[in-house]
file protein-v5.cif (mmCIF, C-alpha atoms)
data_query
loop_
_atom_site.label_atom_id
_atom_site.label_comp_id
_atom_site.auth_asym_id
_atom_site.auth_seq_id
_atom_site.Cartn_x
_atom_site.Cartn_y
_atom_site.Cartn_z
CA MET A 125 -15.88 1.30 3.03
CA SER A 126 -18.33 2.81 0.58
CA ALA A 127 -21.03 4.22 2.86
CA GLY A 128 -19.69 7.77 2.43
CA TYR A 129 -16.26 9.06 3.34
CA LYS A 130 -16.72 9.34 7.08
CA ALA A 131 -13.87 9.51 9.57
CA VAL A 132 -12.42 6.09 10.23
CA SER A 133 -13.63 4.44 13.40
CA TRP A 134 -10.63 4.00 15.64
CA THR A 135 -10.71 0.50 17.02
CA ARG A 136 -8.46 -0.54 19.90
CA SER A 137 -6.21 -2.52 17.56
CA LYS A 138 -5.80 0.44 15.17
CA ILE A 139 -4.88 2.78 18.03
CA LEU A 140 -2.44 0.21 19.41
CA TYR A 141 -0.86 -0.25 15.97
CA ASP A 142 -0.28 3.47 15.51
CA VAL A 143 0.92 3.99 19.10
CA VAL A 144 3.49 1.17 18.76
CA LEU A 145 4.62 2.50 15.37
CA ILE A 146 5.06 6.10 16.54
CA ALA A 147 6.67 5.02 19.83
CA GLY A 148 9.12 2.86 17.86
CA ILE A 149 10.05 5.80 15.62
CA VAL A 150 10.50 8.17 18.58
CA ALA A 151 12.65 5.56 20.36
CA TYR A 152 14.80 5.05 17.25
CA ILE A 153 15.38 8.79 16.71
CA THR A 154 16.15 9.29 20.43
CA ILE A 155 18.65 6.42 20.49
CA PHE A 156 20.22 7.63 17.26
CA PHE A 157 20.75 11.11 18.72
CA ARG A 158 22.12 9.63 21.97
CA PHE A 159 24.68 7.28 20.41
CA GLY A 160 25.20 9.01 17.07
CA ALA A 161 26.57 12.07 18.89
CA LEU A 162 29.47 10.06 20.35
CA PRO A 163 32.87 10.99 18.85
CA GLY A 164 34.01 8.86 15.91
CA PRO A 165 37.48 7.33 15.31
CA ASP A 166 38.71 10.79 14.32
CA GLY A 167 37.55 12.22 17.67
CA LEU A 168 34.93 14.43 16.02
CA SER A 169 31.22 14.43 16.94
CA PRO A 170 28.63 15.11 14.23
CA ASP A 171 26.61 18.30 14.67
CA ALA A 172 22.89 18.28 15.42
CA PRO A 173 21.64 19.04 11.86
CA THR A 174 23.79 16.23 10.42
CA LEU A 175 22.53 13.86 13.10
CA ALA A 176 18.92 14.82 12.33
CA MET A 177 19.48 14.24 8.62
CA LYS A 178 21.03 10.82 9.24
CA ALA A 179 18.52 9.82 11.90
CA PHE A 180 15.48 10.58 9.71
CA GLY A 181 17.15 9.16 6.60
CA SER A 182 18.09 5.84 8.19
CA CYS A 183 14.71 5.65 9.95
CA GLY A 184 12.90 6.17 6.63
CA PHE A 185 15.00 3.47 4.96
CA LEU A 186 14.28 0.96 7.74
CA LEU A 187 10.55 1.80 7.74
CA LEU A 188 10.42 1.31 3.98
CA THR A 189 12.20 -2.02 4.36
CA ILE A 190 9.73 -3.12 7.04
CA VAL A 191 6.69 -2.00 5.08
CA LEU A 192 7.89 -4.02 2.08
CA ALA A 193 8.61 -7.03 4.29
CA ILE A 194 5.11 -7.13 5.79
CA GLY A 195 3.50 -8.50 2.61
CA PRO A 196 5.73 -11.57 2.17
CA LEU A 197 5.86 -12.17 5.93
CA ALA A 198 2.06 -12.29 6.09
CA ARG A 199 2.01 -14.72 3.19
CA LEU A 200 4.53 -16.97 4.90
CA ASP A 201 2.99 -16.83 8.36
CA ARG A 202 -0.57 -15.74 9.16
CA ARG A 203 0.50 -14.38 12.55
CA PHE A 204 1.88 -11.36 10.67
CA LEU A 205 -1.53 -10.59 9.12
CA PRO A 206 -2.46 -7.93 11.74
CA LEU A 207 0.53 -5.90 10.52
CA LEU A 208 -1.11 -5.69 7.09
CA TYR A 209 -4.37 -4.14 8.31
CA ASN A 210 -2.96 -0.68 8.99
CA ARG A 211 -0.15 -0.71 6.46
CA ARG A 212 -1.63 2.45 4.94
CA HIS A 213 -0.77 4.41 8.10
CA PHE A 214 2.69 2.83 8.05
CA GLY A 215 3.25 4.10 4.50
CA VAL A 216 2.03 7.63 5.23
CA ILE A 217 4.24 7.87 8.32
CA THR A 218 7.21 6.59 6.27
CA CYS A 219 6.57 9.42 3.79
CA ALA A 220 6.46 11.94 6.67
CA ILE A 221 9.83 10.66 7.96
CA ALA A 222 11.29 10.92 4.43
CA ALA A 223 9.98 14.52 4.28
CA SER A 224 11.73 15.26 7.60
CA HIS A 225 14.97 13.87 6.15
CA ALA A 226 14.57 16.00 3.01
CA SER A 227 13.82 19.10 5.06
CA ALA A 228 16.86 18.52 7.30
CA ALA A 229 19.10 17.97 4.23
CA LEU A 230 17.81 21.11 2.47
CA GLY A 231 18.26 23.19 5.63
CA TRP A 232 21.78 21.90 6.22
CA TYR A 233 23.28 21.99 2.74
CA PHE A 234 21.59 25.02 1.25
CA ALA A 235 20.90 27.28 4.24
CA PHE A 236 23.44 29.86 3.05
CA SER A 237 22.94 29.44 -0.70
CA ASP A 238 22.06 32.48 -2.83
CA LEU A 239 19.55 30.33 -4.67
CA PRO A 240 16.22 29.06 -3.29
CA PRO A 241 16.96 25.68 -1.60
CA LEU A 242 14.90 23.66 -4.11
CA LYS A 243 16.75 25.28 -7.04
CA ALA A 244 20.14 24.89 -5.33
CA LEU A 245 19.35 21.19 -4.86
CA PHE A 246 19.43 20.59 -8.61
CA ALA A 247 22.30 22.97 -9.29
CA ALA A 248 24.66 21.50 -6.69
CA ASP A 249 26.04 18.58 -8.68
CA THR A 250 25.49 17.40 -12.22
CA SER A 251 28.29 14.84 -12.64
CA PHE A 252 25.99 12.16 -14.03
CA GLY A 253 28.84 10.29 -15.76
CA GLN A 254 30.77 9.15 -12.69
CA VAL A 255 30.10 7.15 -9.52
CA SER A 256 32.04 9.41 -7.19
CA GLY A 257 30.19 12.71 -7.15
CA PHE A 258 27.09 11.34 -8.91
CA PRO A 259 24.14 13.60 -8.01
CA PHE A 260 22.63 10.98 -5.70
CA VAL A 261 20.23 13.57 -4.29
CA ILE A 262 18.15 13.34 -7.46
CA LEU A 263 17.59 9.63 -6.77
CA GLY A 264 16.35 10.55 -3.31
CA VAL A 265 14.06 13.24 -4.73
CA ALA A 266 12.58 10.73 -7.21
CA ALA A 267 12.01 8.18 -4.42
CA PHE A 268 10.39 10.85 -2.25
CA LEU A 269 8.07 11.90 -5.08
CA ILE A 270 6.89 8.30 -5.45
CA LEU A 271 6.26 8.03 -1.69
CA LEU A 272 4.47 11.38 -1.79
CA VAL A 273 2.15 10.28 -4.61
CA MET A 274 1.44 7.03 -2.75
CA ALA A 275 0.67 8.83 0.52
CA ALA A 276 -1.42 11.46 -1.28
CA THR A 277 -3.51 8.77 -3.00
CA SER A 278 -3.94 6.53 0.04
CA HIS A 279 -7.52 7.71 0.72
CA ASP A 280 -10.25 5.37 -0.53
CA PHE A 281 -11.54 8.13 -2.82
CA TRP A 282 -8.52 7.59 -5.10
CA LEU A 283 -9.23 3.90 -5.44
CA THR A 284 -12.73 4.67 -6.70
CA PHE A 285 -11.67 7.62 -8.83
CA LEU A 286 -8.66 6.03 -10.54
CA GLY A 287 -9.95 2.45 -10.61
CA ALA A 288 -8.30 -0.50 -8.87
CA PRO A 289 -5.78 -1.45 -11.63
CA THR A 290 -4.39 2.12 -11.96
CA TRP A 291 -4.36 2.64 -8.20
CA LYS A 292 -2.58 -0.67 -7.66
CA SER A 293 -0.01 0.16 -10.37
CA ILE A 294 0.76 3.47 -8.68
CA HIS A 295 1.25 1.77 -5.34
CA MET A 296 3.42 -1.02 -6.77
CA ALA A 297 5.89 1.77 -7.62
CA VAL A 298 7.02 1.47 -3.99
CA TYR A 299 9.50 -1.15 -5.23
CA GLY A 300 10.93 1.44 -7.64
CA ALA A 301 11.12 3.89 -4.75
CA TYR A 302 13.04 1.34 -2.69
CA ALA A 303 15.51 0.75 -5.54
CA LEU A 304 16.00 4.53 -5.85
CA VAL A 305 16.57 4.82 -2.09
CA VAL A 306 19.19 2.05 -2.23
CA GLY A 307 20.87 3.91 -5.12
CA HIS A 308 20.62 7.18 -3.15
CA LEU A 309 22.39 5.48 -0.23
CA ALA A 310 24.97 3.59 -2.30
CA LEU A 311 26.05 6.68 -4.25
CA GLY A 312 25.70 9.04 -1.31
CA ALA A 313 26.04 8.09 2.36
CA LEU A 314 27.88 4.82 1.69
CA GLN A 315 30.58 6.58 -0.35
CA ASP A 316 31.99 8.20 2.77
CA ALA A 317 30.75 5.82 5.47
CA ARG A 318 33.22 5.83 8.34
CA SER A 319 31.97 2.67 10.05
CA TRP A 320 30.68 -0.73 8.99
CA VAL A 321 27.22 -0.18 10.53
CA LEU A 322 25.45 1.63 7.69
CA PRO A 323 26.77 -0.62 4.86
CA ALA A 324 25.91 -3.69 6.94
CA VAL A 325 22.37 -2.46 7.71
CA CYS A 326 21.79 -1.68 4.02
CA ALA A 327 23.12 -5.03 2.83
CA VAL A 328 21.16 -7.03 5.42
CA SER A 329 17.95 -5.08 4.65
CA VAL A 330 18.18 -5.59 0.89
CA VAL A 331 19.17 -9.27 1.12
CA THR A 332 16.44 -9.96 3.70
CA LEU A 333 13.80 -8.35 1.49
CA ILE A 334 14.90 -10.32 -1.56
CA LEU A 335 14.94 -13.61 0.39
CA LEU A 336 11.51 -12.93 1.92
CA HIS A 337 9.98 -12.22 -1.48
CA LEU A 338 11.59 -15.34 -2.96
CA ALA A 339 10.34 -17.47 -0.05
CA ALA A 340 6.83 -16.02 -0.40
CA ALA A 341 6.87 -16.69 -4.15
CA LEU A 342 7.96 -20.29 -3.59
CA SER A 343 5.23 -20.68 -0.98
CA GLN A 344 2.72 -19.25 -3.46
CA ASN A 345 3.87 -21.76 -6.07
CA ALA A 346 3.17 -24.56 -3.59
CA THR A 347 -0.35 -23.14 -3.15
CA ASP A 348 -0.71 -22.92 -6.90
CA ALA A 349 -0.42 -26.69 -6.92
CA CYS A 350 -4.10 -26.52 -5.96
CA ILE A 351 -5.17 -26.05 -9.56
CA ALA A 352 -8.64 -27.21 -10.41
CA THR A 353 -8.80 -30.34 -12.52
CA ALA A 354 -11.67 -31.14 -14.84
CA SER A 355 -14.63 -33.25 -13.76
CA SER A 356 -17.94 -33.77 -15.51
CA PRO A 357 -19.01 -30.37 -16.99
CA PRO A 358 -19.54 -27.75 -15.68
CA TRP A 359 -17.78 -28.93 -12.54
CA VAL A 360 -14.05 -28.92 -11.77
CA VAL A 361 -12.41 -30.66 -8.83
CA ALA A 362 -11.45 -28.15 -6.13
CA GLY A 363 -9.85 -30.66 -3.72
CA LYS A 364 -10.47 -33.24 -1.02
CA LEU A 365 -12.79 -32.23 1.80
CA SER A 366 -10.14 -33.05 4.42
CA ALA A 367 -7.95 -30.27 2.98
CA PHE A 368 -10.45 -27.57 4.02
CA ALA A 369 -9.68 -26.35 7.56
CA GLU A 370 -12.41 -24.76 9.70
CA GLY A 371 -12.45 -20.93 9.49
CA ARG A 372 -10.00 -20.85 6.59
CA ALA A 373 -10.04 -20.97 2.81
CA ILE A 374 -8.36 -22.84 0.02
CA VAL A 375 -7.64 -20.83 -3.10
CA VAL A 376 -8.45 -22.66 -6.32
CA HIS A 377 -6.72 -21.46 -9.46
CA LEU A 378 -8.74 -21.72 -12.66
CA ALA A 379 -7.47 -21.55 -16.23
CA ASP A 380 -7.97 -18.03 -17.66
CA ALA A 381 -10.14 -16.84 -14.77
CA GLU A 382 -9.87 -15.20 -11.38
CA PRO A 383 -8.90 -17.55 -8.54
CA VAL A 384 -11.71 -18.70 -6.24
CA ALA A 385 -11.57 -18.82 -2.44
CA ILE A 386 -13.52 -21.68 -0.88
CA PHE A 387 -14.16 -21.10 2.83
CA ARG A 388 -15.12 -23.67 5.46
CA HIS A 389 -17.02 -22.04 8.30
CA ASP A 390 -19.17 -23.82 10.87
CA ASN A 391 -18.68 -26.96 8.75
CA MET A 392 -20.27 -25.35 5.70
CA LEU A 393 -18.48 -24.58 2.44
CA SER A 394 -18.95 -21.34 0.48
CA ALA A 395 -17.09 -20.07 -2.58
CA VAL A 396 -16.39 -16.47 -3.57
CA THR A 397 -13.89 -14.75 -5.83
CA ASN A 398 -10.45 -14.45 -4.28
CA VAL A 399 -10.32 -10.76 -5.26
CA CYS A 400 -11.51 -8.16 -2.72
CA ALA A 401 -13.68 -5.35 -4.16
CA HIS A 402 -11.64 -2.78 -2.23
CA GLN A 403 -8.05 -3.09 -3.42
CA ASN A 404 -7.98 -6.54 -5.04
CA GLY A 405 -6.71 -8.07 -1.79
CA PRO A 406 -6.39 -11.88 -1.60
CA LEU A 407 -9.55 -12.84 0.31
CA GLY A 408 -8.49 -16.49 0.55
CA GLU A 409 -5.54 -15.47 2.71
CA GLY A 410 -7.93 -13.89 5.20
CA CYS A 411 -10.18 -15.63 7.67
CA VAL A 412 -13.79 -15.67 8.88
CA ILE A 413 -14.46 -13.20 11.69
CA ASP A 414 -17.96 -12.90 13.20
CA GLY A 415 -19.26 -15.09 10.37
CA LEU A 416 -17.88 -12.74 7.71
CA ILE A 417 -15.02 -13.25 5.24
CA THR A 418 -12.42 -10.67 6.28
CA CYS A 419 -9.87 -9.42 3.76
CA PRO A 420 -6.32 -9.66 5.13
CA TRP A 421 -5.33 -6.31 3.65
CA HIS A 422 -7.75 -3.78 5.10
CA GLY A 423 -10.40 -5.80 6.88
CA PHE A 424 -13.20 -5.40 4.32
CA GLN A 425 -15.89 -7.98 5.10
CA TYR A 426 -18.35 -10.03 3.07
CA ARG A 427 -21.09 -12.49 3.91
CA LEU A 428 -20.21 -16.09 3.02
CA ALA A 429 -23.45 -17.01 1.26
CA ASP A 430 -23.98 -13.99 -1.01
CA GLY A 431 -20.66 -12.09 -1.09
CA CYS A 432 -22.33 -8.86 0.08
CA ALA A 433 -20.68 -6.51 2.58
CA PRO A 434 -22.87 -6.12 5.69
CA PRO A 435 -25.03 -2.95 5.79
CA PRO A 436 -24.49 -0.02 5.53
CA PHE A 437 -21.65 -1.01 3.18
CA THR A 438 -22.41 -1.77 -0.44
CA GLU A 439 -19.50 -3.80 -1.87
CA ARG A 440 -20.39 -7.08 -3.55
CA ILE A 441 -18.23 -9.88 -4.89
CA ALA A 442 -18.94 -12.84 -7.16
CA THR A 443 -20.05 -16.14 -5.65
CA TYR A 444 -19.71 -19.67 -7.06
CA ARG A 445 -21.68 -22.91 -6.88
CA LEU A 446 -20.20 -25.89 -5.05
CA ALA A 447 -21.08 -29.59 -4.93
CA LEU A 448 -19.84 -32.68 -3.08
CA ASP A 449 -18.98 -35.97 -4.76
CA GLY A 450 -18.13 -38.29 -1.86
CA ASP A 451 -15.21 -36.56 -0.16
CA THR A 452 -14.35 -34.50 -3.24
CA VAL A 453 -15.36 -30.83 -3.44
CA LEU A 454 -16.52 -29.72 -6.89
CA LEU A 455 -16.67 -26.13 -8.12
CA ASP A 456 -18.64 -24.58 -10.98
CA PRO A 457 -16.04 -22.17 -12.44
CA GLN A 458 -18.74 -19.87 -13.87
CA PRO A 459 -18.99 -16.89 -11.48
CA ASN A 460 -22.42 -15.70 -10.37
CA PRO A 461 -23.17 -11.98 -10.60
CA PRO A 462 -21.76 -10.19 -7.52
CA GLY A 463 -24.07 -10.54 -4.54
CA THR A 464 -25.86 -13.70 -5.75
CA TYR A 465 -27.02 -15.94 -2.90
CA VAL A 466 -25.72 -19.52 -3.03
CA GLU A 467 -26.75 -21.97 -0.32
CA PRO A 468 -23.59 -23.11 1.53
CA ILE A 469 -22.94 -26.86 1.53
CA ARG A 470 -23.03 -28.57 4.92
CA VAL A 471 -20.14 -30.99 5.36
CA GLY A 472 -20.43 -31.80 9.08
CA SER A 473 -22.15 -30.95 12.32
CA PRO A 474 -22.28 -27.28 13.29
CA VAL A 475 -19.22 -26.25 15.28
CA ALA A 476 -20.11 -25.66 18.93
CA MET B 120 18.48 28.53 -18.48
CA THR B 121 20.22 25.87 -16.39
CA PHE B 122 18.93 22.39 -15.57
CA ALA B 123 18.14 23.59 -12.03
CA ASP B 124 16.16 26.60 -13.39
CA LEU B 125 14.18 24.30 -15.68
CA VAL B 126 13.27 21.85 -12.90
CA TYR B 127 12.44 24.66 -10.48
CA TRP B 128 10.17 26.63 -12.80
CA CYS B 129 8.50 23.52 -14.22
CA GLY B 130 7.78 22.43 -10.64
CA LEU B 131 6.34 25.82 -9.73
CA VAL B 132 4.11 26.02 -12.82
CA TYR B 133 2.96 22.40 -12.41
CA GLY B 134 2.17 22.95 -8.72
CA GLY B 135 0.37 26.23 -9.42
CA LEU B 136 -1.82 24.68 -12.08
CA GLY B 137 -2.40 21.74 -9.74
CA LEU B 138 -3.70 24.04 -7.00
CA GLY B 139 -6.13 25.60 -9.48
CA VAL B 140 -7.38 22.21 -10.66
CA ALA B 141 -7.66 20.99 -7.05
CA ALA B 142 -9.81 23.97 -6.07
CA ALA B 143 -12.05 23.59 -9.13
CA PHE B 144 -12.42 19.84 -8.64
CA LEU B 145 -13.29 20.09 -4.96
CA VAL B 146 -15.88 22.82 -5.60
CA PHE B 147 -17.44 21.66 -8.87
CA GLY B 148 -16.33 18.10 -9.62
CA LEU B 149 -16.12 15.84 -6.59
CA ASP B 150 -19.83 15.53 -5.80
CA ARG B 151 -20.62 14.83 -9.45
CA VAL B 152 -18.07 12.05 -9.98
CA ASP B 153 -18.29 10.25 -6.62
CA ARG B 154 -21.63 9.74 -4.91
CA SER B 155 -19.92 8.65 -1.67
CA ALA B 156 -18.47 12.15 -1.32
CA ARG B 157 -21.85 13.86 -1.04
CA GLY B 158 -22.40 15.17 2.45
CA SER B 159 -18.83 14.34 3.51
CA PHE B 160 -16.59 17.39 3.86
CA ALA B 161 -13.93 16.67 6.49
CA PHE B 162 -11.97 14.38 4.15
CA ARG B 163 -11.75 16.90 1.28
CA PRO B 164 -8.55 18.68 2.43
CA LEU B 165 -6.88 15.25 2.49
CA LEU B 166 -7.36 15.05 -1.28
CA VAL B 167 -5.53 18.30 -2.08
CA PRO B 168 -1.95 16.89 -2.21
CA GLY B 169 -3.03 14.11 -4.58
CA LEU B 170 -5.04 16.51 -6.76
CA VAL B 171 -2.03 18.84 -7.05
CA LEU B 172 0.38 15.98 -7.84
CA LEU B 173 -1.87 14.17 -10.32
CA TRP B 174 -3.88 17.03 -11.84
CA PRO B 175 -3.53 15.91 -15.50
CA VAL B 176 -4.91 12.47 -14.50
CA VAL B 177 -7.62 14.20 -12.46
CA ILE B 178 -8.75 16.27 -15.47
CA ALA B 179 -8.78 13.19 -17.73
CA ASN B 180 -10.76 11.08 -15.24
CA TRP B 181 -13.11 13.95 -14.36
CA ARG B 182 -13.95 14.40 -18.04
CA ARG B 183 -14.33 10.64 -18.61
CA LEU B 184 -16.65 10.21 -15.63
CA LEU B 185 -18.77 13.23 -16.61
CA LEU B 186 -19.13 11.94 -20.17
CA ARG B 187 -20.12 8.55 -18.78
CA GLY B 188 -22.74 10.29 -16.65
CA THR B 189 -21.49 8.97 -13.29
#
call {"tool": "encode", "arguments": {"input": "protein-v5.cif", "output": "structure tokens"}}
result
Amino acid sequence: MSAGYKAVSWTRSKILYDVVLIAGIVAYITIFFRFGALPGPDGLSPDAPTLAMKAFGSCGFLLLTIVLAIGPLARLDRRFLPLLYNRRHFGVITCAIAASHASAALGWYFAFSDLPPLKALFAADTSFGQVSGFPFVILGVAAFLILLVMAATSHDFWLTFLGAPTWKSIHMAVYGAYALVVGHLALGALQDARSWVLPAVCAVSVVTLILLHLAAALSQNATDACIATASSPPWVVAGKLSAFAEGRAIVVHLADAEPVAIFRHDNMLSAVTNVCAHQNGPLGEGCVIDGLITCPWHGFQYRLADGCAPPPFTERIATYRLALDGDTVLLDPQPNPPGTYVEPIRVGSPVA
Amino acid sequence: MTFADLVYWCGLVYGGLGLGVAAAFLVFGLDRVDRSARGSFAFRPLLVPGLVLLWPVVIANWRRLLLRGT
């Protein structure tokens, strides 16, 4: 958070996340080397540098697929939310694996070249006009550069320095990187694939990602049905009280304004903007932990009543006024200045 | 000059300039444009790759923030 750029405090869950991630990668590479070295239909076994190149390349592709699947999965099922919290580490490690693949490829293909490897890389093939022999390496280089920029700008400093919209735009380029990686595979490794495994893994990964994003979008559309309807000014109807579950939020979409997250905690209702001050994360998809709204993306926290991060942190988000009309929850769509205290509305006995 | 020569030398020049901008920004700019950085030093090496890759953006933002008096 914003109380100076101090080393991150390693909680048990963060350590566990990274240990599982690294152990999974080590296991994958080990298994790949064990079974990938077996002779193929032609009786030939791939050499160690080729195996390394393929192991790191396929590992990077699968990691990138998983990292892109985490977002829609968490939207579809809250049990996947913990995977979102450390996604930054996931992305940086994916970039490191891609760098290992690039290093193995450079070492293998250009070890005996007269030219420096990086120059030989761009001189090797320039048949841009045909599928067979297309310089697919350039697609991989472009994808790697995108991953590199994303990893290099993953520190919170960059979010402050570039501003949230620019930072977010840069990091949305991961979808472009994925498309480039798929092109890199389709025009490269898949052109001379000698078994069905790699084409099948690629096809299943791409189709799964597309389906997950479509399902998450449809789910979001269902949520968007919760659009505020007009009441007597300035109030708009946010929904029926029975729709607000304890410890969770309902996101209310307003015309021409940021969505509002209305939380029910300890049988009291509080409303804040749905946009986290850190990276514009969807606060309404998070939950209340230790009495604090907790962003599902990186765990930034805010007090329910005034939208202030607990000391020593300094982030503040806008709050909103609420009212009850029978069992209907009303919202004043005019946001209060960030950090403004608004008395929560009690709607039942305190939860034991 | 071939396509490979062009990419190679452009990359080298870009990276070299980026290193210069990164060094200047870390020494003279960071503390002036981001209050949270004051007194924190361990994280600064982590910024170098981004500063080298995005140095034109860094110069533009550095100038903008200085003019704004942040």
call {"tool": "closest_residue", "arguments": {"input": "protein-v5.cif", "among": "A:Leu239, A:Ala369, A:Ala147, A:Ile153", "to": "chain B", "atoms": "only C-alpha atoms"}}
result
A:Leu239
call {"tool": "resolve_selection", "arguments": {"input": "protein-v5.cif", "expression": "the PyMOL selection byres ((chain A and resi 307) around 12)", "output": "list in words"}}
result
Phe185, Val255, Phe258, Pro259, Phe260, Val261, Ile262, Leu263, Gly264, Val265, Ala266, Ala267, Gly300, Ala301, Tyr302, Ala303, Leu304, Val305, Val306, His308, Leu309, Ala310, Leu311, Gly312, Ala313, Leu314, Gln315, Cys326 and Val330 of chain A
call {"tool": "interface_residues", "arguments": {"input": "protein-v5.cif", "of": "chain B", "to": "chain A", "cutoff": "6 Å", "atoms": "all atoms listed in the file", "output": "number ranges by chain"}}
result
B: 123, 127, 155-156, 159, 168-169
call {"tool": "residues_around", "arguments": {"input": "protein-v5.cif", "residues": "segment 459-461 of chain A", "least_positions_apart": "2", "cutoff": "10 Å", "atoms": "only C-alpha atoms", "output": "CSV table (one decimal) with C-alpha atoms, in the coordinates of the input"}}
result
chain,number,residue,atom,x,y,z
A,381,ALA,CA,-10.1,-16.8,-14.8
A,382,GLU,CA,-9.9,-15.2,-11.4
A,384,VAL,CA,-11.7,-18.7,-6.2
A,395,ALA,CA,-17.1,-20.1,-2.6
A,396,VAL,CA,-16.4,-16.5,-3.6
A,397,THR,CA,-13.9,-14.8,-5.8
A,430,ASP,CA,-24.0,-14.0,-1.0
A,431,GLY,CA,-20.7,-12.1,-1.1
A,440,ARG,CA,-20.4,-7.1,-3.6
A,441,ILE,CA,-18.2,-9.9,-4.9
A,442,ALA,CA,-18.9,-12.8,-7.2
A,443,THR,CA,-20.0,-16.1,-5.6
A,444,TYR,CA,-19.7,-19.7,-7.1
A,445,ARG,CA,-21.7,-22.9,-6.9
A,456,ASP,CA,-18.6,-24.6,-11.0
A,457,PRO,CA,-16.0,-22.2,-12.4
A,463,GLY,CA,-24.1,-10.5,-4.5
A,464,THR,CA,-25.9,-13.7,-5.8
A,465,TYR,CA,-27.0,-15.9,-2.9
A,466,VAL,CA,-25.7,-19.5,-3.0
call {"tool": "atom_distance", "arguments": {"input": "protein-v5.cif", "atom1": "atom CA of Thr218 of chain A", "atom2": "atom CA of Leu197 of chain A"}}
result
18.8 Å
call {"tool": "closest_residue", "arguments": {"input": "protein-v5.cif", "among": "B:Leu173, B:Val132, B:Val146, B:Asp153", "to": "Ile294 of chain A", "atoms": "all atoms listed in the file"}}
result
B:Leu173
call {"tool": "residues_near_point", "arguments": {"input": "protein-v5.cif", "point": "(-12.2, -24.2, -13.4)", "cutoff": "12 Å", "atoms": "all atoms listed in the file", "output": "count of residues only"}}
result
33
call {"tool": "axis_aligned_box", "arguments": {"input": "protein-v5.cif", "around": "segment 128-131 of chain B", "padding_each_side": "3 Å", "output": "JSON"}}
result
{"center_x": 8.3, "center_y": 24.5, "center_z": -12.0, "size_x": 9.8, "size_y": 10.2, "size_z": 10.5}
call {"tool": "atom_distance", "arguments": {"input": "protein-v5.cif", "atom1": "atom CA of Leu170 of chain B", "atom2": "atom CA of Arg154 of chain B"}}
result
18.0 Å
call {"tool": "decode", "arguments": {"input": "protein-v5.cif", "residues": "segment 197-220 of chain A", "atoms": "C-alpha atoms", "output": "PDB file, in the first residue's frame"}}
result
ATOM      1  CA  LEU A 197     -12.832 -18.250 -12.822  1.00  0.00           C
ATOM      2  CA  ALA A 198     -12.881 -15.920  -9.817  1.00  0.00           C
ATOM      3  CA  ARG A 199     -15.844 -14.069 -11.297  1.00  0.00           C
ATOM      4  CA  LEU A 200     -17.731 -17.313 -11.811  1.00  0.00           C
ATOM      5  CA  ASP A 201     -16.898 -18.869  -8.457  1.00  0.00           C
ATOM      6  CA  ARG A 202     -15.636 -16.991  -5.394  1.00  0.00           C
ATOM      7  CA  ARG A 203     -13.641 -20.016  -4.240  1.00  0.00           C
ATOM      8  CA  PHE A 204     -11.068 -19.077  -6.895  1.00  0.00           C
ATOM      9  CA  LEU A 205     -10.587 -15.593  -5.396  1.00  0.00           C
ATOM     10  CA  PRO A 206      -7.448 -16.554  -3.384  1.00  0.00           C
ATOM     11  CA  LEU A 207      -5.734 -17.300  -6.707  1.00  0.00           C
ATOM     12  CA  LEU A 208      -6.188 -13.646  -7.669  1.00  0.00           C
ATOM     13  CA  TYR A 209      -4.396 -12.215  -4.632  1.00  0.00           C
ATOM     14  CA  ASN A 210      -0.883 -13.135  -5.743  1.00  0.00           C
ATOM     15  CA  ARG A 211      -1.437 -13.086  -9.481  1.00  0.00           C
ATOM     16  CA  ARG A 212       1.370 -10.533  -9.758  1.00  0.00           C
ATOM     17  CA  HIS A 213       3.904 -13.165  -8.664  1.00  0.00           C
ATOM     18  CA  PHE A 214       2.314 -15.610 -11.106  1.00  0.00           C
ATOM     19  CA  GLY A 215       2.853 -13.146 -13.956  1.00  0.00           C
ATOM     20  CA  VAL A 216       6.473 -12.384 -13.052  1.00  0.00           C
ATOM     21  CA  ILE A 217       7.296 -16.101 -12.793  1.00  0.00           C
ATOM     22  CA  THR A 218       5.611 -16.684 -16.182  1.00  0.00           C
ATOM     23  CA  CYS A 219       7.895 -14.013 -17.663  1.00  0.00           C
ATOM     24  CA  ALA A 220      10.940 -15.725 -16.086  1.00  0.00           C
TER      25      ALA A 220
END
